[in-house]
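A.B. asks: Dropping in target-v9.cif, which is mmCIF, C-alpha atoms (C1' of nucleotides):
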```
data_entry
loop_
_atom_site.label_atom_id
_atom_site.label_comp_id
_atom_site.auth_asym_id
_atom_site.auth_seq_id
_atom_site.Cartn_x
_atom_site.Cartn_y
_atom_site.Cartn_z
CA MET S 291 5.36 10.98 -106.35
CA SER S 292 2.38 9.75 -108.34
CA ALA S 293 -1.34 10.05 -107.63
CA ARG S 294 -2.90 7.54 -105.30
CA PRO S 295 -4.80 4.86 -107.17
CA GLU S 296 -6.40 3.18 -104.13
CA PRO S 297 -10.11 3.84 -103.48
CA ARG S 298 -9.45 5.18 -99.99
CA ARG S 299 -11.90 3.85 -97.39
CA ALA S 300 -13.94 6.45 -95.57
CA ASP S 301 -13.97 6.75 -91.77
CA PRO S 302 -16.45 8.51 -89.43
CA VAL S 303 -14.53 11.77 -89.72
CA ASP S 304 -14.94 11.74 -93.49
CA ALA S 305 -18.69 11.49 -92.95
CA ILE S 306 -18.69 14.48 -90.62
CA ILE S 307 -16.64 16.57 -93.03
CA GLU S 308 -18.93 15.68 -95.89
CA GLN S 309 -21.90 16.75 -93.82
CA TRP S 310 -20.30 20.11 -93.12
CA ALA S 311 -19.55 20.54 -96.82
CA ARG S 312 -23.23 20.21 -97.57
CA VAL S 313 -24.50 22.73 -95.03
CA ARG S 314 -21.51 25.08 -94.74
CA PRO S 315 -19.45 24.75 -97.93
CA ASP S 316 -17.45 27.82 -96.91
CA LEU S 317 -16.06 26.16 -93.77
CA ASP S 318 -12.35 25.28 -93.61
CA THR S 319 -12.41 21.63 -92.55
CA ALA S 320 -8.70 20.88 -92.96
CA GLY S 321 -8.20 20.97 -89.19
CA MET S 322 -10.89 18.38 -88.54
CA GLU S 323 -9.16 15.94 -90.87
CA VAL S 324 -6.34 15.80 -88.36
CA PHE S 325 -7.76 16.78 -84.97
CA GLY S 326 -11.10 15.03 -85.37
CA ARG S 327 -9.18 11.82 -85.86
CA ILE S 328 -6.78 12.55 -83.01
CA TYR S 329 -9.70 12.99 -80.61
CA ARG S 330 -11.33 9.77 -81.70
CA LEU S 331 -8.09 7.82 -81.56
CA ALA S 332 -7.29 9.13 -78.10
CA ARG S 333 -10.69 8.07 -76.89
CA ALA S 334 -10.76 4.67 -78.59
CA MET S 335 -7.26 3.76 -77.51
CA GLY S 336 -7.90 5.11 -74.01
CA ASP S 337 -10.89 2.82 -73.62
CA ARG S 338 -8.83 -0.06 -74.93
CA HIS S 339 -6.12 0.60 -72.39
CA GLU S 340 -8.65 0.79 -69.59
CA GLN S 341 -9.58 -2.78 -70.47
CA VAL S 342 -5.98 -3.91 -70.67
CA TYR S 343 -5.18 -2.59 -67.19
CA ALA S 344 -8.43 -3.70 -65.55
CA PRO S 345 -7.19 -7.26 -64.89
CA PHE S 346 -4.32 -5.72 -62.93
CA GLY S 347 -6.84 -3.92 -60.74
CA ILE S 348 -5.76 -0.43 -61.81
CA SER S 349 -7.18 2.34 -63.98
CA ARG S 350 -5.35 4.16 -66.73
CA GLY S 351 -4.66 7.12 -64.44
CA GLU S 352 -3.24 4.84 -61.78
CA PHE S 353 -1.14 3.08 -64.40
CA ASP S 354 0.36 6.44 -65.31
CA VAL S 355 1.41 7.08 -61.72
CA LEU S 356 3.07 3.70 -61.36
CA ALA S 357 4.71 3.98 -64.79
CA THR S 358 6.14 7.40 -63.95
CA LEU S 359 7.69 6.02 -60.78
CA ARG S 360 9.03 2.98 -62.63
CA ARG S 361 10.52 5.12 -65.37
CA ALA S 362 12.34 7.23 -62.81
CA GLY S 363 14.53 4.21 -62.04
CA GLU S 364 15.75 3.06 -58.66
CA PRO S 365 14.78 3.71 -55.93
CA TYR S 366 11.45 4.36 -57.72
CA THR S 367 10.79 7.47 -55.68
CA LEU S 368 9.27 10.84 -56.57
CA SER S 369 7.34 13.49 -54.67
CA PRO S 370 3.59 14.01 -55.16
CA ARG S 371 4.51 17.39 -56.58
CA GLN S 372 6.78 15.88 -59.24
CA LEU S 373 4.14 13.32 -60.10
CA SER S 374 1.32 15.83 -60.47
CA ALA S 375 3.53 18.09 -62.60
CA THR S 376 4.57 15.24 -64.89
CA LEU S 377 1.03 13.94 -65.27
CA MET S 378 -0.49 17.43 -65.68
CA LEU S 379 -2.78 16.86 -62.74
CA THR S 380 -3.74 19.16 -59.86
CA THR S 381 -2.41 18.24 -56.45
CA GLY S 382 -5.94 17.42 -55.36
CA GLY S 383 -6.32 14.86 -58.10
CA MET S 384 -2.96 13.36 -57.23
CA THR S 385 -3.92 12.98 -53.57
CA GLY S 386 -6.83 10.79 -54.65
CA ARG S 387 -4.76 8.58 -56.92
CA LEU S 388 -2.07 8.11 -54.30
CA ASP S 389 -4.69 7.25 -51.68
CA LYS S 390 -6.04 4.46 -53.86
CA LEU S 391 -2.65 3.10 -54.83
CA GLU S 392 -1.37 3.21 -51.28
CA ARG S 393 -4.47 1.37 -50.04
CA ALA S 394 -3.81 -1.29 -52.70
CA GLY S 395 -0.26 -1.66 -51.39
CA LEU S 396 1.33 -0.63 -54.69
CA LEU S 397 3.19 2.36 -53.31
CA ARG S 398 4.17 3.89 -50.01
CA ARG S 399 4.21 7.49 -48.79
CA SER S 400 7.02 8.45 -46.45
CA PRO S 401 8.25 11.80 -45.12
CA ASP S 402 10.86 13.63 -47.16
CA PRO S 403 13.94 13.76 -44.88
CA HIS S 404 15.09 17.06 -46.40
CA ASP S 405 11.79 18.97 -46.35
CA ARG S 406 9.27 18.37 -43.65
CA ARG S 407 6.43 19.73 -45.82
CA GLY S 408 7.09 17.13 -48.45
CA LEU S 409 6.57 13.44 -49.03
CA GLN S 410 8.34 10.74 -50.95
CA VAL S 411 6.24 8.32 -52.92
CA THR S 412 7.93 4.98 -53.52
CA LEU S 413 6.88 1.89 -55.46
CA THR S 414 6.51 -1.18 -53.25
CA GLU S 415 7.83 -4.54 -54.36
CA LYS S 416 4.27 -5.44 -55.30
CA GLY S 417 3.83 -2.20 -57.23
CA LEU S 418 7.07 -2.77 -59.12
CA ARG S 419 6.08 -6.29 -60.14
CA LEU S 420 2.63 -5.09 -61.22
CA ILE S 421 3.81 -2.17 -63.34
CA ASP S 422 6.51 -4.27 -64.97
CA GLU S 423 3.86 -6.64 -66.23
CA ALA S 424 1.21 -4.03 -67.03
CA VAL S 425 3.53 -1.86 -69.10
CA VAL S 426 4.31 -4.79 -71.37
CA ALA S 427 0.60 -5.52 -71.82
CA GLY S 428 -0.04 -1.86 -72.64
CA ALA S 429 2.79 -1.66 -75.15
CA ALA S 430 1.56 -4.85 -76.80
CA GLU S 431 -1.91 -3.38 -77.21
CA GLN S 432 -0.47 -0.31 -78.91
CA SER S 433 1.74 -2.37 -81.19
CA ARG S 434 -1.25 -4.43 -82.21
CA ALA S 435 -3.02 -1.27 -83.33
CA LEU S 436 0.04 -0.03 -85.23
CA ALA S 437 0.46 -3.32 -87.04
CA ALA S 438 -2.19 -2.16 -89.52
CA LEU S 439 0.13 0.60 -90.72
CA GLY S 440 3.37 -1.30 -90.83
CA PRO S 441 6.67 -0.09 -89.39
CA GLU S 442 7.55 2.47 -92.03
CA ARG S 443 4.27 4.32 -92.04
CA SER S 444 4.15 4.13 -88.24
CA ALA S 445 7.51 5.88 -88.03
CA GLN S 446 6.37 8.47 -90.54
CA LEU S 447 3.23 9.07 -88.46
CA ALA S 448 5.30 9.44 -85.28
CA ASP S 449 7.49 12.06 -86.97
CA LEU S 450 4.52 14.10 -88.17
CA LEU S 451 2.91 13.92 -84.73
CA ARG S 452 6.13 15.05 -83.07
CA ASP S 453 6.29 18.14 -85.23
CA LEU S 454 2.65 18.92 -84.62
CA LEU S 455 3.06 18.42 -80.89
CA LEU S 456 6.07 20.71 -80.77
CA ALA S 457 4.06 23.36 -82.58
CA THR S 458 1.01 22.96 -80.37
CA GLU S 459 2.28 22.36 -76.85
CA ARG S 460 3.70 25.57 -75.59
CA MET I 168 15.11 6.50 -99.34
CA SER I 169 18.08 8.37 -97.94
CA ALA I 170 19.01 9.02 -94.32
CA ARG I 171 17.48 12.03 -92.62
CA PRO I 172 19.96 14.87 -92.37
CA GLU I 173 17.88 17.16 -90.11
CA PRO I 174 18.77 17.27 -86.41
CA ARG I 175 15.20 16.38 -85.39
CA ARG I 176 14.04 18.30 -82.34
CA ALA I 177 13.02 16.22 -79.34
CA ASP I 178 9.59 16.49 -77.72
CA PRO I 179 8.35 15.36 -74.28
CA VAL I 180 7.49 11.93 -75.63
CA ASP I 181 11.07 11.42 -76.81
CA ALA I 182 12.18 12.11 -73.25
CA ILE I 183 9.80 9.51 -71.84
CA ILE I 184 10.90 6.91 -74.37
CA GLU I 185 14.53 7.57 -73.62
CA GLN I 186 13.81 7.12 -69.92
CA TRP I 187 12.19 3.75 -70.58
CA ALA I 188 15.17 2.70 -72.70
CA ARG I 189 17.44 3.27 -69.73
CA VAL I 190 15.43 1.29 -67.18
CA ARG I 191 13.69 -1.26 -69.39
CA PRO I 192 15.72 -1.60 -72.61
CA ASP I 193 13.67 -4.68 -73.54
CA LEU I 194 10.41 -2.70 -73.76
CA ASP I 195 8.77 -2.16 -77.17
CA THR I 196 8.21 1.59 -77.23
CA ALA I 197 7.06 1.91 -80.85
CA GLY I 198 3.44 2.35 -79.76
CA MET I 199 4.26 5.24 -77.45
CA GLU I 200 5.85 7.13 -80.32
CA VAL I 201 2.41 7.37 -81.85
CA PHE I 202 -0.14 7.05 -79.05
CA GLY I 203 1.80 9.03 -76.46
CA ARG I 204 1.73 11.94 -78.89
CA ILE I 205 -1.90 11.40 -79.78
CA TYR I 206 -2.88 11.62 -76.09
CA ARG I 207 -0.91 14.78 -75.55
CA LEU I 208 -2.22 16.40 -78.72
CA ALA I 209 -5.80 15.56 -77.83
CA ARG I 210 -5.34 17.10 -74.43
CA ALA I 211 -3.46 20.21 -75.56
CA MET I 212 -5.84 20.93 -78.42
CA GLY I 213 -8.84 20.19 -76.21
CA ASP I 214 -7.69 22.79 -73.71
CA ARG I 215 -7.09 25.23 -76.52
CA HIS I 216 -10.62 24.70 -77.83
CA GLU I 217 -12.08 25.17 -74.37
CA GLN I 218 -10.55 28.63 -74.43
CA VAL I 219 -11.79 29.38 -77.93
CA TYR I 220 -15.39 28.52 -77.03
CA ALA I 221 -15.39 30.17 -73.59
CA PRO I 222 -16.17 33.66 -74.98
CA PHE I 223 -19.30 32.16 -76.54
CA GLY I 224 -20.37 30.92 -73.11
CA ILE I 225 -20.19 27.24 -73.99
CA SER I 226 -17.90 24.34 -73.18
CA ARG I 227 -16.37 21.96 -75.66
CA GLY I 228 -19.01 19.31 -74.93
CA GLU I 229 -21.79 21.82 -75.48
CA PHE I 230 -20.15 22.96 -78.68
CA ASP I 231 -20.28 19.39 -79.92
CA VAL I 232 -24.02 19.19 -79.30
CA LEU I 233 -24.73 22.42 -81.16
CA ALA I 234 -22.36 21.47 -83.99
CA THR I 235 -24.05 18.10 -84.43
CA LEU I 236 -27.44 19.78 -84.74
CA ARG I 237 -26.05 22.37 -87.15
CA ARG I 238 -24.42 19.71 -89.31
CA ALA I 239 -27.70 17.85 -89.59
CA GLY I 240 -29.02 20.74 -91.67
CA GLU I 241 -32.48 22.27 -91.56
CA PRO I 242 -34.57 22.12 -89.51
CA TYR I 243 -31.61 21.51 -87.13
CA THR I 244 -33.49 18.83 -85.25
CA LEU I 245 -32.35 15.52 -83.74
CA SER I 246 -33.50 13.37 -80.85
CA PRO I 247 -31.53 13.12 -77.57
CA ARG I 248 -30.96 9.51 -78.49
CA GLN I 249 -29.38 10.39 -81.84
CA LEU I 250 -27.23 13.03 -80.18
CA SER I 251 -25.96 10.76 -77.42
CA ALA I 252 -25.19 8.01 -79.94
CA THR I 253 -23.29 10.38 -82.23
CA LEU I 254 -21.34 11.93 -79.38
CA MET I 255 -20.63 8.58 -77.66
CA LEU I 256 -22.27 9.79 -74.48
CA THR I 257 -24.69 8.05 -72.12
CA THR I 258 -28.25 9.34 -72.09
CA GLY I 259 -27.68 10.65 -68.57
CA GLY I 260 -24.79 12.78 -69.71
CA MET I 261 -26.82 14.08 -72.62
CA THR I 262 -29.70 15.09 -70.34
CA GLY I 263 -27.30 17.35 -68.45
CA ARG I 264 -25.90 19.00 -71.57
CA LEU I 265 -29.34 19.60 -73.01
CA ASP I 266 -30.53 21.10 -69.71
CA LYS I 267 -27.72 23.65 -69.78
CA LEU I 268 -28.13 24.52 -73.44
CA GLU I 269 -31.89 24.82 -73.13
CA ARG I 270 -31.52 27.11 -70.10
CA ALA I 271 -29.14 29.26 -72.18
CA GLY I 272 -31.79 29.50 -74.89
CA LEU I 273 -29.59 27.85 -77.52
CA LEU I 274 -31.91 24.93 -78.18
CA ARG I 275 -35.45 23.82 -77.51
CA ARG I 276 -36.91 20.46 -76.52
CA SER I 277 -40.30 19.58 -77.97
CA PRO I 278 -42.34 16.38 -78.05
CA ASP I 279 -41.78 14.03 -80.97
CA PRO I 280 -45.13 13.94 -82.81
CA HIS I 281 -44.55 10.36 -83.96
CA ASP I 282 -43.40 8.81 -80.67
CA ARG I 283 -44.71 10.04 -77.38
CA ARG I 284 -41.70 8.65 -75.51
CA GLY I 285 -39.34 10.74 -77.57
CA LEU I 286 -38.26 14.33 -77.87
CA GLN I 287 -37.03 16.54 -80.64
CA VAL I 288 -34.12 18.83 -79.91
CA THR I 289 -33.97 21.88 -82.16
CA LEU I 290 -31.49 24.71 -82.47
CA THR I 291 -33.02 28.11 -81.69
CA GLU I 292 -32.25 31.13 -83.83
CA LYS I 293 -29.82 32.21 -81.13
CA GLY I 294 -28.21 28.77 -81.04
CA LEU I 295 -27.82 28.75 -84.81
CA ARG I 296 -26.13 32.13 -84.86
CA LEU I 297 -23.83 31.12 -82.01
CA ILE I 298 -22.69 27.83 -83.50
CA ASP I 299 -22.18 29.41 -86.92
CA GLU I 300 -19.68 31.79 -85.38
CA ALA I 301 -18.11 29.35 -82.94
CA VAL I 302 -17.43 26.69 -85.55
CA VAL I 303 -15.42 29.16 -87.61
CA ALA I 304 -13.39 30.15 -84.56
CA GLY I 305 -12.73 26.49 -83.77
CA ALA I 306 -11.68 25.65 -87.31
CA ALA I 307 -9.36 28.66 -87.36
CA GLU I 308 -7.68 27.48 -84.17
CA GLN I 309 -7.05 24.08 -85.72
CA SER I 310 -5.74 25.55 -88.94
CA ARG I 311 -3.35 27.72 -86.97
CA ALA I 312 -1.90 24.60 -85.36
CA LEU I 313 -1.60 22.80 -88.70
CA ALA I 314 0.17 25.73 -90.31
CA ALA I 315 3.41 24.48 -88.74
CA LEU I 316 3.27 21.36 -90.92
CA GLY I 317 2.16 22.91 -94.17
CA PRO I 318 -0.64 21.61 -96.37
CA GLU I 319 1.12 18.62 -97.87
CA ARG I 320 2.35 17.10 -94.63
CA SER I 321 -1.01 17.87 -93.01
CA ALA I 322 -2.79 15.87 -95.69
CA GLN I 323 -0.30 13.06 -95.29
CA LEU I 324 -0.90 13.07 -91.53
CA ALA I 325 -4.67 12.98 -92.04
CA ASP I 326 -4.32 9.94 -94.31
CA LEU I 327 -2.19 8.04 -91.82
CA LEU I 328 -4.59 8.87 -89.00
CA ARG I 329 -7.55 7.71 -91.07
CA ASP I 330 -5.96 4.32 -91.63
CA LEU I 331 -5.06 3.99 -87.97
CA LEU I 332 -8.55 5.01 -86.89
CA LEU I 333 -10.15 2.49 -89.22
CA ALA I 334 -7.92 -0.20 -87.76
CA THR I 335 -8.59 0.83 -84.17
CA GLU I 336 -12.23 1.80 -83.97
CA ARG I 337 -14.26 -1.35 -84.24
"C1'" DA X 127 -56.63 -8.31 -78.10
"C1'" DG X 128 -53.13 -9.20 -74.59
"C1'" DC X 129 -48.77 -9.69 -72.86
"C1'" DA X 130 -43.69 -9.80 -73.09
"C1'" DA X 131 -39.81 -7.50 -74.71
"C1'" DC X 132 -38.00 -3.44 -75.97
"C1'" DT X 133 -36.96 1.70 -76.24
"C1'" DA X 134 -36.81 6.92 -74.91
"C1'" DG X 135 -35.46 10.01 -71.65
"C1'" DC X 136 -34.80 11.05 -66.81
"C1'" DT X 137 -32.98 10.28 -62.02
"C1'" DT X 138 -29.74 8.84 -58.69
"C1'" DA X 139 -25.40 7.30 -56.69
"C1'" DG X 140 -20.76 7.13 -57.22
"C1'" DC X 141 -16.33 8.32 -59.50
"C1'" DT X 142 -12.63 11.48 -60.83
"C1'" DC X 143 -11.32 15.64 -61.83
"C1'" DT X 144 -10.52 21.03 -61.01
"C1'" DA X 145 -10.39 25.43 -58.44
"C1'" DA X 146 -9.90 27.48 -54.34
"C1'" DG X 147 -8.50 27.65 -49.83
"C1'" DC X 148 -6.21 25.61 -45.70
"C1'" DT X 149 -2.11 24.44 -42.51
"C1'" DA X 150 2.54 23.37 -41.81
"C1'" DG X 151 6.97 24.20 -43.10
"C1'" DT X 152 10.72 26.69 -45.98
"C1'" DT X 153 13.27 30.51 -48.14
"C1'" DA X 154 14.60 35.21 -48.96
"C1'" DT X 155 15.11 39.97 -47.46
"C1'" DG X 156 15.87 43.83 -44.66
"C1'" DC U 253 16.62 36.90 -36.84
"C1'" DA U 254 12.06 38.54 -37.89
"C1'" DT U 255 8.81 38.53 -41.05
"C1'" DA U 256 6.87 38.40 -45.73
"C1'" DA U 257 6.45 35.52 -49.59
"C1'" DC U 258 6.42 31.19 -51.11
"C1'" DT U 259 5.75 25.98 -51.40
"C1'" DA U 260 3.99 21.05 -50.23
"C1'" DG U 261 0.19 18.34 -49.65
"C1'" DC U 262 -4.57 17.95 -48.15
"C1'" DT U 263 -9.58 19.23 -47.97
"C1'" DT U 264 -13.86 20.83 -49.80
"C1'" DA U 265 -17.32 22.19 -53.16
"C1'" DG U 266 -18.84 21.75 -57.53
"C1'" DA U 267 -18.72 20.14 -62.50
"C1'" DG U 268 -19.39 16.40 -65.64
"C1'" DC U 269 -19.35 11.88 -66.52
"C1'" DT U 270 -21.02 6.62 -66.20
"C1'" DA U 271 -23.83 2.69 -64.71
"C1'" DA U 272 -27.93 1.22 -63.15
"C1'" DG U 273 -32.58 1.62 -62.52
"C1'" DC U 274 -37.06 4.02 -63.21
"C1'" DT U 275 -41.55 5.29 -65.79
"C1'" DA U 276 -44.04 5.99 -69.86
"C1'" DG U 277 -44.79 4.54 -74.26
"C1'" DT U 278 -44.04 1.29 -78.40
"C1'" DT U 279 -43.49 -3.02 -80.93
"C1'" DG U 280 -43.84 -7.86 -81.86
"C1'" DC U 281 -45.66 -12.40 -80.99
"C1'" DT U 282 -49.39 -15.48 -80.38
#
```
Represent the structure of the file as structure tokens.
C.D. replies:
Amino acid sequence: MSARPEPRRADPVDAIIEQWARVRPDLDTAGMEVFGRIYRLARAMGDRHEQVYAPFGISRGEFDVLATLRRAGEPYTLSPRQLSATLMLTTGGMTGRLDKLERAGLLRRSPDPHDRRGLQVTLTEKGLRLIDEAVVAGAAEQSRALAALGPERSAQLADLLRDLLLATER
Amino acid sequence: MSARPEPRRADPVDAIIEQWARVRPDLDTAGMEVFGRIYRLARAMGDRHEQVYAPFGISRGEFDVLATLRRAGEPYTLSPRQLSATLMLTTGGMTGRLDKLERAGLLRRSPDPHDRRGLQVTLTEKGLRLIDEAVVAGAAEQSRALAALGPERSAQLADLLRDLLLATER
DNA sequence: AGCAACTAGCTTAGCTCTAAGCTAGTTATG
DNA sequence: CATAACTAGCTTAGAGCTAAGCTAGTTGCT
């Protein structure tokens, strides 16, 4: 491959790295080039999603609960335990989310017939309709952001992130 | 370009996308390939950093305050306003962080001589020593994660993330 | 000069999360 | 079967954040 001729535009992370170079030229800033941007992207896109889901009356965290149930397929039922494990949330946090969603009529808690300690959480008809619309709106927002890269570079980015995730998450 | 011969390992995001494909084959999941991984990486690496900074007695948020002051260069002084703007935090949140760090003797609040409404926040000698050590530990942790990709693919990843960030953050 | 509009930092109320501990119910072991 | 160890979900206390509102001080307009 040849050298890059484009005069690469600088982002906020470049500014931070340059500042470090001035005051601590010995510092290894290679990690910030990647993780500094990952943090900012997670935050910026998280805020964006919050706005996309707001018209549906749900937060991002609540979206995740509904989406997990939807993804599970019919009959759209999982236990609070399965949900909190999937979403990397404590059971206490899950109790709160389920309370809100149940009050909004988007899901229903019922006793687990096979284990009297347990519950089954099931999407209501209303919850199913809502998540089926909201997930499309969310995906559209993400695609809009990726449009700047184009399909090929987006796929390349996804591959690099997969490898990094596999190396990090264990 | 030629087809990829490697039997690419699957990550948790691949599993989620496959689940969607089964129950909603119409859904555009290209965005999840990127942003799903970005969310998980931000979270996993954030937790990792929390552990790296814990021995220094500070949280990740407090690290960010000290690092911002350090990066500013001598005399390591910024206003609460500048700090909260840089760290995308409300002034209320910043008050809390400064309280903790001041109590720990890592920084000092003093009146701004030019504006009697304002304050100057300055790193103490102790704060300077602490952040100079902690920032190296943090950078090392990030480099360790990037080692799995190698330098060339890491640089490629940083470039893609920069472009995506520039497109997203406005 | 005098007054309105603005700005800095703090306080409060409310939200969501975690960590720890609780009760009810289940499983494994002797 | 008896009992110890475990598991499910909930509750509580506390951490850390935001949004809104406060006071003190500054700036701009006339």
A.B. asks: From the set I:Thr257, I:Glu300, I:Phe202, I:Pro280, which residue has the shortest atom-to-atom contact distance to Ala435 in chain S, counting all atoms listed in the file?
C.D. replies: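 Checking each of I:Thr257, I:Glu300, I:Phe202, I:Pro280 against Ala435 in chain S, counting all atoms listed in the file, the winner is I:Phe202.
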A.B. asks: Each residue of chain S with at least one atom at most 9 Å from chain X should appear once, together with its nearest atom pair and the corresponding distance in Å (one decimal); atoms considered: only C-alpha atoms (C1' of nucleotides); ordering: chain, then increasing residue number; output as a tab-separated table.
C.D. replies:
```
residue	atom	partner	partner_atom	distance
S:Leu379	CA	X:DC143	C1'	8.7
S:Thr380	CA	X:DT144	C1'	7.1
S:Gly382	CA	X:DT144	C1'	8.1
S:Gly383	CA	X:DC143	C1'	6.3
S:Gly386	CA	X:DT142	C1'	8.5
S:Asp405	CA	X:DT152	C1'	7.8
S:Arg406	CA	X:DG151	C1'	6.3
S:Arg407	CA	X:DG151	C1'	5.3
S:Gly408	CA	X:DG151	C1'	8.9
```
A.B. asks: With a cut-off of 7 Å and counting only C-alpha atoms, select all residues of chain I in contact with chain S and give the selection as a PyMOL selection string.
C.D. replies: chain I and resi 178+186-187+190+194-198+200-201+204-206+208-209+211+238+240+303+306+309-310+312-313+315-316+324-325+327-329+331-336
A.B. asks: Using C-alpha atoms, can you write the selected residues to a file as a tab-separated table (two decimals), keeping the file's coordinate frame?
C.D. replies:
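For reference, result.tsv as written:
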```tsv
chain	number	residue	atom	x	y	z
I	178	ASP	CA	9.59	16.49	-77.72
I	186	GLN	CA	13.81	7.12	-69.92
I	187	TRP	CA	12.19	3.75	-70.58
I	190	VAL	CA	15.43	1.29	-67.18
I	194	LEU	CA	10.41	-2.70	-73.76
I	195	ASP	CA	8.77	-2.16	-77.17
I	196	THR	CA	8.21	1.59	-77.23
I	197	ALA	CA	7.06	1.91	-80.85
I	198	GLY	CA	3.44	2.35	-79.76
I	200	GLU	CA	5.85	7.13	-80.32
I	201	VAL	CA	2.41	7.37	-81.85
I	204	ARG	CA	1.73	11.94	-78.89
I	205	ILE	CA	-1.90	11.40	-79.78
I	206	TYR	CA	-2.88	11.62	-76.09
I	208	LEU	CA	-2.22	16.40	-78.72
I	209	ALA	CA	-5.80	15.56	-77.83
I	211	ALA	CA	-3.46	20.21	-75.56
I	238	ARG	CA	-24.42	19.71	-89.31
I	240	GLY	CA	-29.02	20.74	-91.67
I	303	VAL	CA	-15.42	29.16	-87.61
I	306	ALA	CA	-11.68	25.65	-87.31
I	309	GLN	CA	-7.05	24.08	-85.72
I	310	SER	CA	-5.74	25.55	-88.94
I	312	ALA	CA	-1.90	24.60	-85.36
I	313	LEU	CA	-1.60	22.80	-88.70
I	315	ALA	CA	3.41	24.48	-88.74
I	316	LEU	CA	3.27	21.36	-90.92
I	324	LEU	CA	-0.90	13.07	-91.53
I	325	ALA	CA	-4.67	12.98	-92.04
I	327	LEU	CA	-2.19	8.04	-91.82
I	328	LEU	CA	-4.59	8.87	-89.00
I	329	ARG	CA	-7.55	7.71	-91.07
I	331	LEU	CA	-5.06	3.99	-87.97
I	332	LEU	CA	-8.55	5.01	-86.89
I	333	LEU	CA	-10.15	2.49	-89.22
I	334	ALA	CA	-7.92	-0.20	-87.76
I	335	THR	CA	-8.59	0.83	-84.17
I	336	GLU	CA	-12.23	1.80	-83.97
```
A.B. asks: Tell me as a PDB file with C-alpha atoms (C1' of nucleotides), keeping the file's coordinate frame which residues belonging to chain U come within 9 Å of chain I, counting all atoms listed in the file.
C.D. replies:
```
ATOM      1  C1'  DG U 268     -19.390  16.400 -65.640  1.00  0.00           C
ATOM      2  C1'  DC U 269     -19.350  11.880 -66.520  1.00  0.00           C
ATOM      3  C1'  DT U 270     -21.020   6.620 -66.200  1.00  0.00           C
ATOM      4  C1'  DA U 276     -44.040   5.990 -69.860  1.00  0.00           C
ATOM      5  C1'  DG U 277     -44.790   4.540 -74.260  1.00  0.00           C
ATOM      6  C1'  DT U 278     -44.040   1.290 -78.400  1.00  0.00           C
TER       7       DT U 278
END
```
A.B. asks: So what does the PyMOL selection byres ((chain S and resi 392) around 12) actually pick up in this one, as number ranges by chain?
C.D. replies: S: 348, 352, 355-356, 384-391, 393-400, 411-414, 416-417
A.B. asks: Starting from the displayed file, determine the output of the PyMOL selection byres ((chain I and resi 247) around 7) and express the residue list as a list of chain:residue names.
C.D. replies: I:Leu245, I:Ser246, I:Arg248, I:Gln249, I:Leu250, I:Ser251, I:Met261, I:Leu286, I:Val288
A.B. asks: Suppose you want the space between CA of Leu418 in chain S and CA of Asp354 in chain S; what is it in Å?
C.D. replies: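 Atom-to-atom, CA of Leu418 in chain S to CA of Asp354 in chain S, that is 13.0 Å.
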A.B. asks: Please compute the C1' of DG261 in chain U-CA of Asp402 in chain S distance, one decimal, in Å.
C.D. replies: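 It comes out at 11.9 Å.
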A.B. asks: To one decimal in Å, tell me the separation between CA of Ala182 in chain I and CA of Pro401 in chain S.
C.D. replies: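 If I compute the distance from CA of Ala182 in chain I to CA of Pro401 in chain S, I get 28.4 Å.
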